[in-house]
$ cat model.txt   # compact mmCIF, C-alpha atoms
# COMPACT_ATOMS: atom_id res chain seq x y z
CA THR A 1 68.58 7.22 -7.73
CA ASP A 2 66.91 3.89 -8.16
CA PRO A 3 63.46 3.99 -9.80
CA ALA A 4 60.55 3.70 -7.45
CA PRO A 5 59.19 0.17 -7.15
CA PRO A 6 55.86 -0.48 -8.88
CA PRO A 7 52.81 -0.10 -6.67
CA PRO A 8 51.52 -3.34 -5.15
CA ALA A 9 48.68 -5.12 -6.93
CA PRO A 10 45.29 -4.19 -5.48
CA PRO A 11 43.71 -6.83 -3.23
CA PRO A 12 40.84 -8.89 -4.68
CA ALA A 13 37.46 -7.23 -4.42
CA ALA A 14 35.55 -7.92 -1.21
CA LEU A 15 32.72 -10.41 -1.43
CA PRO A 16 29.98 -11.21 1.09
CA GLN A 17 31.17 -13.15 4.12
CA TRP A 18 29.26 -16.29 3.19
CA VAL A 19 31.28 -16.55 -0.04
CA ASP A 20 34.62 -16.64 1.77
CA ALA A 21 33.16 -19.03 4.35
CA ALA A 22 31.99 -21.42 1.61
CA ILE A 23 35.38 -21.23 -0.15
CA ALA A 24 37.14 -22.02 3.14
CA LEU A 25 34.88 -25.06 3.64
CA VAL A 26 35.69 -26.39 0.18
CA LYS A 27 39.43 -26.08 0.85
CA VAL A 28 39.32 -27.54 4.36
CA GLU A 29 37.00 -30.42 3.57
CA GLY A 30 38.78 -31.44 0.39
CA ASP A 31 35.38 -31.23 -1.20
CA GLU A 32 34.85 -32.48 -4.74
CA MET A 33 34.02 -28.87 -5.64
CA ALA A 34 37.73 -28.08 -5.17
CA GLU A 35 38.36 -30.03 -8.40
CA VAL A 36 35.90 -28.00 -10.47
CA MET A 37 37.81 -26.01 -13.09
CA PRO A 38 36.73 -22.43 -13.87
CA MET A 39 35.81 -23.15 -17.51
CA GLU A 40 33.27 -25.71 -16.29
CA GLU A 41 31.19 -22.72 -15.23
CA LEU A 42 30.28 -22.51 -18.91
CA VAL A 43 27.75 -25.22 -18.13
CA TYR A 44 25.89 -22.78 -15.87
CA LEU A 45 25.54 -20.40 -18.82
CA HIS A 46 24.56 -23.28 -21.08
CA ASN A 47 21.79 -24.22 -18.68
CA ILE A 48 20.42 -20.68 -18.82
CA ILE A 49 20.32 -20.92 -22.63
CA ARG A 50 18.61 -24.30 -22.33
CA ALA A 51 16.03 -22.82 -19.98
CA GLU A 52 15.38 -19.93 -22.35
CA THR A 53 14.87 -22.23 -25.34
CA ALA A 54 12.57 -24.46 -23.28
CA GLU A 55 10.44 -21.46 -22.25
CA LEU A 56 10.35 -20.23 -25.85
CA LYS A 57 9.20 -23.67 -27.02
CA LYS A 58 6.52 -23.85 -24.31
CA ALA A 59 5.14 -20.36 -24.97
CA ALA A 60 5.19 -20.84 -28.75
CA GLY A 61 3.53 -24.24 -28.43
CA MET A 62 0.63 -22.79 -26.46
CA LEU A 63 0.04 -20.09 -29.07
CA ALA A 64 0.53 -22.43 -32.02
CA SER A 65 -2.03 -24.89 -30.62
CA SER A 66 -4.65 -22.17 -30.02
CA ARG A 67 -7.41 -22.50 -32.58
CA GLY A 68 -9.11 -19.26 -31.71
CA ALA A 69 -8.07 -15.68 -31.18
CA ARG A 70 -4.58 -15.12 -29.86
CA GLU A 71 -3.92 -12.26 -27.48
CA ARG A 72 -1.58 -9.67 -28.94
CA ARG A 73 0.15 -9.25 -25.58
CA ASP A 74 1.04 -12.96 -25.64
CA ILE A 75 2.46 -12.60 -29.14
CA ALA A 76 4.41 -9.50 -28.06
CA ALA A 77 5.82 -11.41 -25.09
CA LEU A 78 6.90 -14.24 -27.40
CA ILE A 79 8.61 -11.76 -29.74
CA GLN A 80 10.49 -10.24 -26.78
CA ARG A 81 11.53 -13.71 -25.57
CA THR A 82 12.85 -14.51 -29.05
CA ARG A 83 14.86 -11.29 -29.10
CA SER A 84 16.34 -12.04 -25.69
CA LEU A 85 17.35 -15.53 -26.77
CA ARG A 86 18.91 -14.15 -29.94
CA SER A 87 21.01 -11.70 -27.91
CA LEU A 88 22.13 -14.46 -25.54
CA LEU A 89 23.03 -16.85 -28.37
CA LYS A 90 24.81 -14.15 -30.35
CA CYS A 91 27.01 -13.18 -27.40
CA HIS A 92 27.74 -16.82 -26.58
CA CYS A 93 28.79 -17.52 -30.16
CA LYS A 94 30.85 -14.34 -30.31
CA SER A 95 32.82 -15.29 -27.18
CA GLU A 96 33.66 -18.65 -28.75
CA ASP A 97 34.68 -17.15 -32.08
CA THR A 98 36.70 -14.21 -30.71
CA ILE A 99 38.04 -15.52 -27.37
CA ILE A 100 37.92 -19.29 -26.85
CA PHE A 101 38.98 -20.54 -30.30
CA PRO A 102 41.76 -17.95 -30.79
CA ALA A 103 43.12 -18.79 -27.31
CA LEU A 104 43.22 -22.50 -28.18
CA GLN A 105 44.92 -21.78 -31.49
CA ALA A 106 47.50 -19.63 -29.69
CA LYS A 107 48.29 -22.68 -27.53
CA GLY A 108 48.91 -24.74 -30.66
CA VAL A 109 45.65 -26.70 -30.49
CA ASN A 110 44.66 -27.47 -34.08
CA LEU A 111 40.90 -26.96 -34.31
CA LEU A 112 40.62 -25.78 -37.90
CA ALA A 113 37.94 -28.28 -38.96
CA ASP A 114 36.08 -27.89 -35.65
CA THR A 115 36.25 -24.10 -35.91
CA HIS A 116 34.68 -24.17 -39.36
CA LEU A 117 31.94 -26.49 -38.08
CA ARG A 118 31.21 -24.21 -35.11
CA GLU A 119 31.10 -21.12 -37.32
CA HIS A 120 28.60 -22.90 -39.58
CA GLU A 121 26.50 -23.89 -36.53
CA HIS A 122 26.54 -20.34 -35.21
CA ALA A 123 25.44 -18.90 -38.56
CA ALA A 124 22.67 -21.51 -38.89
CA GLU A 125 21.34 -20.76 -35.38
CA MET A 126 21.25 -17.02 -36.04
CA GLU A 127 19.47 -17.63 -39.35
CA LEU A 128 16.85 -19.76 -37.59
CA VAL A 129 16.23 -17.12 -34.91
CA ASP A 130 15.88 -14.43 -37.58
CA ARG A 131 13.41 -16.62 -39.51
CA ILE A 132 11.36 -17.15 -36.34
CA SER A 133 11.37 -13.41 -35.63
CA HIS A 134 10.14 -12.72 -39.16
CA GLN A 135 7.38 -15.32 -38.85
CA LEU A 136 6.28 -13.87 -35.51
CA SER A 137 6.20 -10.40 -37.05
CA GLN A 138 3.88 -11.75 -39.73
CA ALA A 139 1.75 -13.72 -37.29
CA GLN A 140 0.94 -10.75 -35.09
CA HIS A 141 -0.86 -9.06 -37.99
CA PHE A 142 -3.46 -11.79 -38.43
CA THR A 143 -4.21 -13.52 -35.17
CA THR A 144 -7.57 -14.89 -36.36
CA GLN A 145 -7.60 -14.44 -40.16
CA THR A 146 -7.39 -17.18 -42.72
CA GLY A 147 -3.84 -18.44 -43.10
CA ALA A 148 -2.81 -17.76 -39.52
CA GLU A 149 -2.69 -21.45 -38.61
CA GLU A 150 -0.18 -22.20 -41.35
CA VAL A 151 2.10 -19.35 -40.24
CA TRP A 152 1.94 -20.46 -36.60
CA SER A 153 2.61 -24.07 -37.58
CA ASP A 154 5.66 -23.08 -39.64
CA MET A 155 6.93 -20.84 -36.84
CA TYR A 156 6.60 -23.58 -34.23
CA ALA A 157 8.39 -26.07 -36.50
CA ALA A 158 11.26 -23.57 -36.82
CA ILE A 159 11.40 -23.19 -33.02
CA LEU A 160 11.59 -26.96 -32.58
CA GLU A 161 14.44 -27.00 -35.09
CA LEU A 162 16.20 -24.23 -33.18
CA VAL A 163 15.80 -25.99 -29.83
CA GLN A 164 17.32 -29.16 -31.27
CA ALA A 165 20.21 -27.28 -32.91
CA VAL A 166 21.05 -25.36 -29.73
CA GLU A 167 20.90 -28.50 -27.58
CA GLN A 168 23.23 -30.35 -29.94
CA HIS A 169 25.59 -27.36 -29.98
CA LEU A 170 25.75 -27.11 -26.17
CA ASP A 171 26.05 -30.88 -25.67
CA ALA A 172 28.94 -31.05 -28.14
CA GLU A 173 30.77 -28.24 -26.33
CA GLU A 174 30.40 -29.94 -22.96
CA ARG A 175 31.35 -33.35 -24.32
CA THR A 176 34.35 -32.40 -26.48
CA MET A 177 35.38 -28.79 -25.84
CA LEU A 178 35.44 -28.64 -22.05
CA PRO A 179 37.95 -31.51 -21.66
CA ILE A 180 40.25 -29.77 -24.14
CA LEU A 181 39.95 -26.46 -22.29
CA ASN A 182 40.66 -28.10 -18.94
CA LYS A 183 43.70 -29.87 -20.34
CA THR A 184 45.09 -26.85 -22.19
CA PHE A 185 44.70 -23.95 -19.76
CA THR A 186 45.73 -23.37 -16.16
CA ARG A 187 43.16 -22.28 -13.58
CA ALA A 188 44.33 -18.67 -13.85
CA GLU A 189 44.08 -18.76 -17.65
CA GLN A 190 40.61 -20.29 -17.45
CA ARG A 191 39.45 -17.61 -15.03
CA SER A 192 40.66 -14.96 -17.47
CA LEU A 193 38.91 -16.62 -20.42
CA MET A 194 35.67 -16.88 -18.46
CA TRP A 195 35.83 -13.25 -17.39
CA ARG A 196 36.54 -12.05 -20.93
CA SER A 197 33.64 -14.20 -22.18
CA LEU A 198 31.29 -12.70 -19.60
CA ARG A 199 32.34 -9.20 -20.61
CA GLN A 200 31.05 -9.95 -24.12
CA LEU A 201 27.52 -9.93 -22.73
CA PRO A 202 25.48 -6.69 -22.62
CA LEU A 203 24.53 -5.55 -19.12
CA VAL A 204 20.87 -6.40 -19.65
CA VAL A 205 21.88 -9.99 -20.51
CA LEU A 206 24.37 -10.15 -17.62
CA GLU A 207 21.64 -9.12 -15.19
CA HIS A 208 19.47 -12.03 -16.31
CA VAL A 209 22.43 -14.44 -16.30
CA PHE A 210 23.63 -13.62 -12.80
CA GLN A 211 20.19 -13.49 -11.22
CA SER A 212 19.52 -16.92 -12.73
CA VAL A 213 22.92 -18.25 -11.60
CA GLY A 214 22.43 -16.82 -8.12
CA ALA A 215 19.03 -18.45 -7.81
CA SER A 216 20.01 -21.86 -9.18
CA LEU A 217 23.42 -22.75 -7.69
CA SER A 218 24.30 -24.20 -4.32
CA ASP A 219 26.22 -21.99 -1.89
CA LYS A 220 29.51 -23.71 -2.75
CA ARG A 221 29.07 -23.49 -6.51
CA ALA A 222 27.95 -19.87 -6.35
CA ALA A 223 30.84 -19.00 -4.03
CA LEU A 224 33.41 -20.63 -6.31
CA MET A 225 32.10 -18.79 -9.34
CA LEU A 226 32.11 -15.42 -7.59
CA ASP A 227 35.59 -16.10 -6.23
CA ASN A 228 36.88 -16.98 -9.70
CA MET A 229 35.41 -13.74 -11.02
CA ARG A 230 37.03 -11.77 -8.20
CA LEU A 231 40.43 -13.30 -8.99
CA ALA A 232 40.10 -12.72 -12.74
CA ALA A 233 38.56 -9.24 -12.97
CA PRO A 234 41.13 -6.50 -13.69
CA GLU A 235 41.05 -3.39 -11.53
CA VAL A 236 39.41 -1.42 -14.32
CA ASP A 237 36.43 -3.81 -14.15
CA ALA A 238 35.93 -3.53 -10.39
CA GLN A 239 32.64 -1.65 -10.79
CA VAL A 240 31.29 -4.18 -13.31
CA LEU A 241 32.28 -7.01 -10.96
CA GLY A 242 30.40 -5.33 -8.12
CA ILE A 243 27.28 -5.05 -10.27
CA MET A 244 27.47 -8.73 -11.27
CA VAL A 245 27.87 -9.80 -7.65
CA ARG A 246 24.89 -7.66 -6.63
CA TRP A 247 22.73 -9.29 -9.31
CA ALA A 248 23.80 -12.76 -8.18
CA LEU A 249 22.93 -11.88 -4.59
CA GLU A 250 19.55 -10.52 -5.71
CA GLY A 251 18.89 -13.86 -7.40
CA ARG A 252 19.80 -15.72 -4.21
CA SER A 253 17.59 -13.40 -2.13
CA LYS A 254 14.62 -14.11 -4.41
CA LEU A 255 15.31 -17.84 -4.11
CA ARG A 256 15.43 -17.64 -0.32
CA ALA A 257 12.20 -15.60 -0.24
CA HIS A 258 10.52 -18.16 -2.50
CA GLU A 259 11.71 -20.99 -0.25
CA ARG A 260 10.38 -19.19 2.84
CA GLU A 261 7.03 -18.68 1.14
CA GLY A 262 6.95 -22.38 0.26
CA ASP A 263 7.79 -23.37 3.83
CA SER A 264 5.14 -20.99 5.19
CA SER A 265 2.52 -22.37 2.80
CA LYS A 266 3.46 -25.92 3.74
CA ASP A 267 3.20 -25.12 7.47
CA HIS A 268 -0.21 -23.54 6.88
CA GLU A 269 -1.44 -26.63 5.05
CA GLN A 270 -0.19 -28.90 7.82
CA GLN A 271 -1.91 -26.77 10.47
CA HIS A 272 -5.14 -26.85 8.47
CA GLU A 273 -4.96 -30.66 8.15
CA HIS A 274 -4.26 -30.96 11.89
CA GLN A 275 -7.28 -28.78 12.74
CA GLN A 276 -9.50 -30.87 10.50
CA GLN A 277 -8.31 -34.07 12.18
CA GLN A 278 -9.20 -32.63 15.57
$ encode --input "model.txt" --output "structure tokens"
Amino acid sequence: TDPAPPPPAPPPAALPQWVDAAIALVKVEGDEMAEVMPMEELVYLHNIIRAETAELKKAAGMLASSRGARERRDIAALIQRTRSLRSLLKCHCKSEDTIIFPALQAKGVNLLADTHLREHEHAAEMELVDRISHQLSQAQHFTTQTGAEEVWSDMYAAILELVQAVEQHLDAEERTMLPILNKTFTRAEQRSLMWRSLRQLPLVVLEHVFQSVGASLSDKRAALMLDNMRLAAPEVDAQVLGIMVRWALEGRSKLRAHEREGDSSKDHEQQHEHQQQQ
């Protein structure tokens, strides 16, 4: 007897109706979003890293410029923010070193010199974050004692150095690496690379990433990203995909609630001005 045919591939995971509606609009309208390649979604992740470094710089600057007592809870929050950024950077660098660069090399793209440069950048960034963490650990033990100002000044200088290094790193990737990725890989291959890169992130980092992405992207951009994930995720990752989608939707719900609050506040102000005019 002939062997039984293999079972059919499972259908893509279901997504909210608005996602499919947005995808259909992009295809029907011939929208410019239809030309966006999956690997360009790396920019969304880059922007989250940029936002994290900006918040770290802002929070550290406020503490470094304080000439009096510094609240320990503020220092603890800064330490936690530094740890979160370190985790995000480490996973981002790991996905480049273990997924993106090997995939390019497998395609015959010679990036030996560039790979060595990136590895050096990654090591330097991790060293900077570790130095900042050490300085913060020292700083929390003498918030008002003699010598504290020097420690805070050195720590803030290291954070400024880190912010500059990360920005240069991300800019270089977007300027030189993305065009190579778009030229080298098909859409399907790019979706797979993006999914594998996302799976490098711990769940606690993924939650932050997808809530941020969900809250910051337009409907079309969010829909395209979720659709790419749906097409790339293997069946074994169906549960993880569902969790990521839920986090993205939570981010969008928070954005909508914030917008409604803003509209309500604006309406209230307009009514108050109208009453005063009367």
$ closest_residue --input "model.txt" --among "A:Val240, A:Ala232, A:Met225, A:Leu162" --to "Lys57 in chain A" --atoms "all atoms listed in the file"
A:Leu162
$ closest_residue --input "model.txt" --among "A:Ser197, A:Gln164, A:Ser95, A:Ser212" --to "Ala233 in chain A" --atoms "only C-alpha atoms"
A:Ser197
$ residues_around --input "model.txt" --residues "Val109 in chain A" --least-positions-apart "5" --cutoff "12 Å" --atoms "all atoms listed in the file" --output "JSON, numbers by chain"
{"A": [100, 101, 102, 103, 104, 114, 115, 177, 180, 181, 183, 184, 185]}
$ closest_residue --input "model.txt" --among "A:Arg175, A:Arg83, A:Arg252, A:Arg246" --to "Glu40 in chain A" --atoms "all atoms listed in the file"
A:Arg175
$ closest_residue --input "model.txt" --among "A:Leu117, A:Val163, A:Ile132, A:Leu63" --to "Arg50 in chain A" --atoms "all atoms listed in the file"
A:Val163
$ closest_residue --input "model.txt" --among "A:Asp97, A:Asp74, A:Asp237, A:Glu55" --to "Ala123 in chain A" --atoms "all atoms listed in the file"
A:Asp97
$ closest_residue --input "model.txt" --among "A:Glu35, A:Val209, A:Glu173, A:Thr53" --to "Glu161 in chain A" --atoms "all atoms listed in the file"
A:Thr53
$ residues_around --input "model.txt" --residues "Met37 in chain A" --least-positions-apart "5" --cutoff "9 Å" --atoms "all atoms listed in the file" --output "list of chain:residue names"
A:Asn182, A:Thr186, A:Arg187, A:Gln190, A:Arg191
$ atom_distance --input "model.txt" --atom1 "CA of Val151 in chain A" --atom2 "CA of Ile79 in chain A"
14.5 Å
$ atom_distance --input "model.txt" --atom1 "CA of Gly61 in chain A" --atom2 "CA of Leu136 in chain A"
12.9 Å
$ atom_distance --input "model.txt" --atom1 "CA of Gln135 in chain A" --atom2 "CA of Met155 in chain A"
5.9 Å
$ decode --input "model.txt" --residues "range 149-160 of chain A" --atoms "all heavy atoms" --output "CSV table (one decimal), in the first residue's frame"
chain,number,residue,atom,x,y,z
A,149,GLU,N,29.5,63.1,45.0
A,149,GLU,CA,29.3,63.9,43.7
A,149,GLU,C,30.3,63.4,42.6
A,149,GLU,O,29.9,63.3,41.5
A,149,GLU,CB,29.6,65.4,44.0
A,149,GLU,CG,28.7,66.0,45.0
A,149,GLU,CD,27.2,65.7,44.8
A,149,GLU,OE1,26.8,65.7,43.6
A,149,GLU,OE2,26.5,65.5,45.8
A,150,GLU,N,31.5,63.0,43.0
A,150,GLU,CA,32.4,62.5,42.0
A,150,GLU,C,32.0,61.2,41.4
A,150,GLU,O,32.1,61.0,40.2
A,150,GLU,CB,33.8,62.3,42.7
A,150,GLU,CG,34.9,61.8,41.7
A,150,GLU,CD,36.2,61.7,42.4
A,150,GLU,OE1,36.4,62.1,43.5
A,150,GLU,OE2,37.1,61.1,41.7
A,151,VAL,N,31.4,60.3,42.3
A,151,VAL,CA,30.9,59.0,41.8
A,151,VAL,C,29.7,59.2,40.8
A,151,VAL,O,29.7,58.6,39.7
A,151,VAL,CB,30.5,58.1,43.0
A,151,VAL,CG1,29.7,56.9,42.4
A,151,VAL,CG2,31.7,57.7,43.8
A,152,TRP,N,28.8,60.1,41.2
A,152,TRP,CA,27.7,60.4,40.3
A,152,TRP,C,28.1,61.1,39.0
A,152,TRP,O,27.5,60.8,38.0
A,152,TRP,CB,26.7,61.3,41.1
A,152,TRP,CG,25.8,60.5,42.0
A,152,TRP,CD1,25.9,60.4,43.4
A,152,TRP,CD2,24.7,59.7,41.7
A,152,TRP,NE1,25.0,59.6,43.9
A,152,TRP,CE2,24.2,59.1,42.9
A,152,TRP,CE3,24.1,59.4,40.5
A,152,TRP,CZ2,23.1,58.3,42.9
A,152,TRP,CZ3,23.0,58.5,40.5
A,152,TRP,CH2,22.5,58.0,41.7
A,153,SER,N,29.1,61.9,39.1
A,153,SER,CA,29.6,62.6,37.9
A,153,SER,C,30.2,61.5,36.9
A,153,SER,O,30.0,61.5,35.7
A,153,SER,CB,30.6,63.6,38.2
A,153,SER,OG,31.1,64.2,37.1
A,154,ASP,N,31.0,60.6,37.5
A,154,ASP,CA,31.6,59.6,36.7
A,154,ASP,C,30.6,58.7,36.1
A,154,ASP,O,30.7,58.2,34.9
A,154,ASP,CB,32.6,58.8,37.5
A,154,ASP,CG,33.9,59.6,37.9
A,154,ASP,OD1,34.1,60.6,37.3
A,154,ASP,OD2,34.6,59.1,38.8
A,155,MET,N,29.6,58.3,36.9
A,155,MET,CA,28.5,57.4,36.4
A,155,MET,C,27.7,58.1,35.3
A,155,MET,O,27.5,57.4,34.2
A,155,MET,CB,27.6,57.1,37.6
A,155,MET,CG,26.4,56.2,37.2
A,155,MET,SD,24.9,57.1,36.6
A,155,MET,CE,24.6,58.2,38.0
A,156,TYR,N,27.4,59.3,35.4
A,156,TYR,CA,26.7,60.0,34.4
A,156,TYR,C,27.5,60.1,33.1
A,156,TYR,O,26.9,60.0,32.0
A,156,TYR,CB,26.2,61.4,34.8
A,156,TYR,CG,25.3,62.1,33.9
A,156,TYR,CD1,24.1,61.5,33.5
A,156,TYR,CD2,25.6,63.3,33.3
A,156,TYR,CE1,23.2,62.1,32.6
A,156,TYR,CE2,24.8,64.0,32.4
A,156,TYR,CZ,23.6,63.4,32.1
A,156,TYR,OH,22.7,64.0,31.2
A,157,ALA,N,28.8,60.4,33.2
A,157,ALA,CA,29.7,60.4,32.0
A,157,ALA,C,29.7,59.1,31.3
A,157,ALA,O,29.7,59.0,30.1
A,157,ALA,CB,31.1,60.8,32.5
A,158,ALA,N,29.7,58.0,32.1
A,158,ALA,CA,29.6,56.7,31.5
A,158,ALA,C,28.3,56.4,30.8
A,158,ALA,O,28.3,55.8,29.7
A,158,ALA,CB,29.9,55.6,32.5
A,159,ILE,N,27.2,56.9,31.3
A,159,ILE,CA,25.9,56.8,30.7
A,159,ILE,C,25.9,57.6,29.4
A,159,ILE,O,25.3,57.1,28.4
A,159,ILE,CB,24.8,57.2,31.6
A,159,ILE,CG1,24.6,56.1,32.7
A,159,ILE,CG2,23.5,57.4,30.9
A,159,ILE,CD1,23.6,56.4,33.8
A,160,LEU,N,26.4,58.8,29.4
A,160,LEU,CA,26.5,59.5,28.1
A,160,LEU,C,27.3,58.8,27.1
A,160,LEU,O,26.9,58.8,25.9
A,160,LEU,CB,27.1,60.9,28.4
A,160,LEU,CG,26.2,61.9,29.3
A,160,LEU,CD1,27.0,63.2,29.4
A,160,LEU,CD2,24.9,62.1,28.7
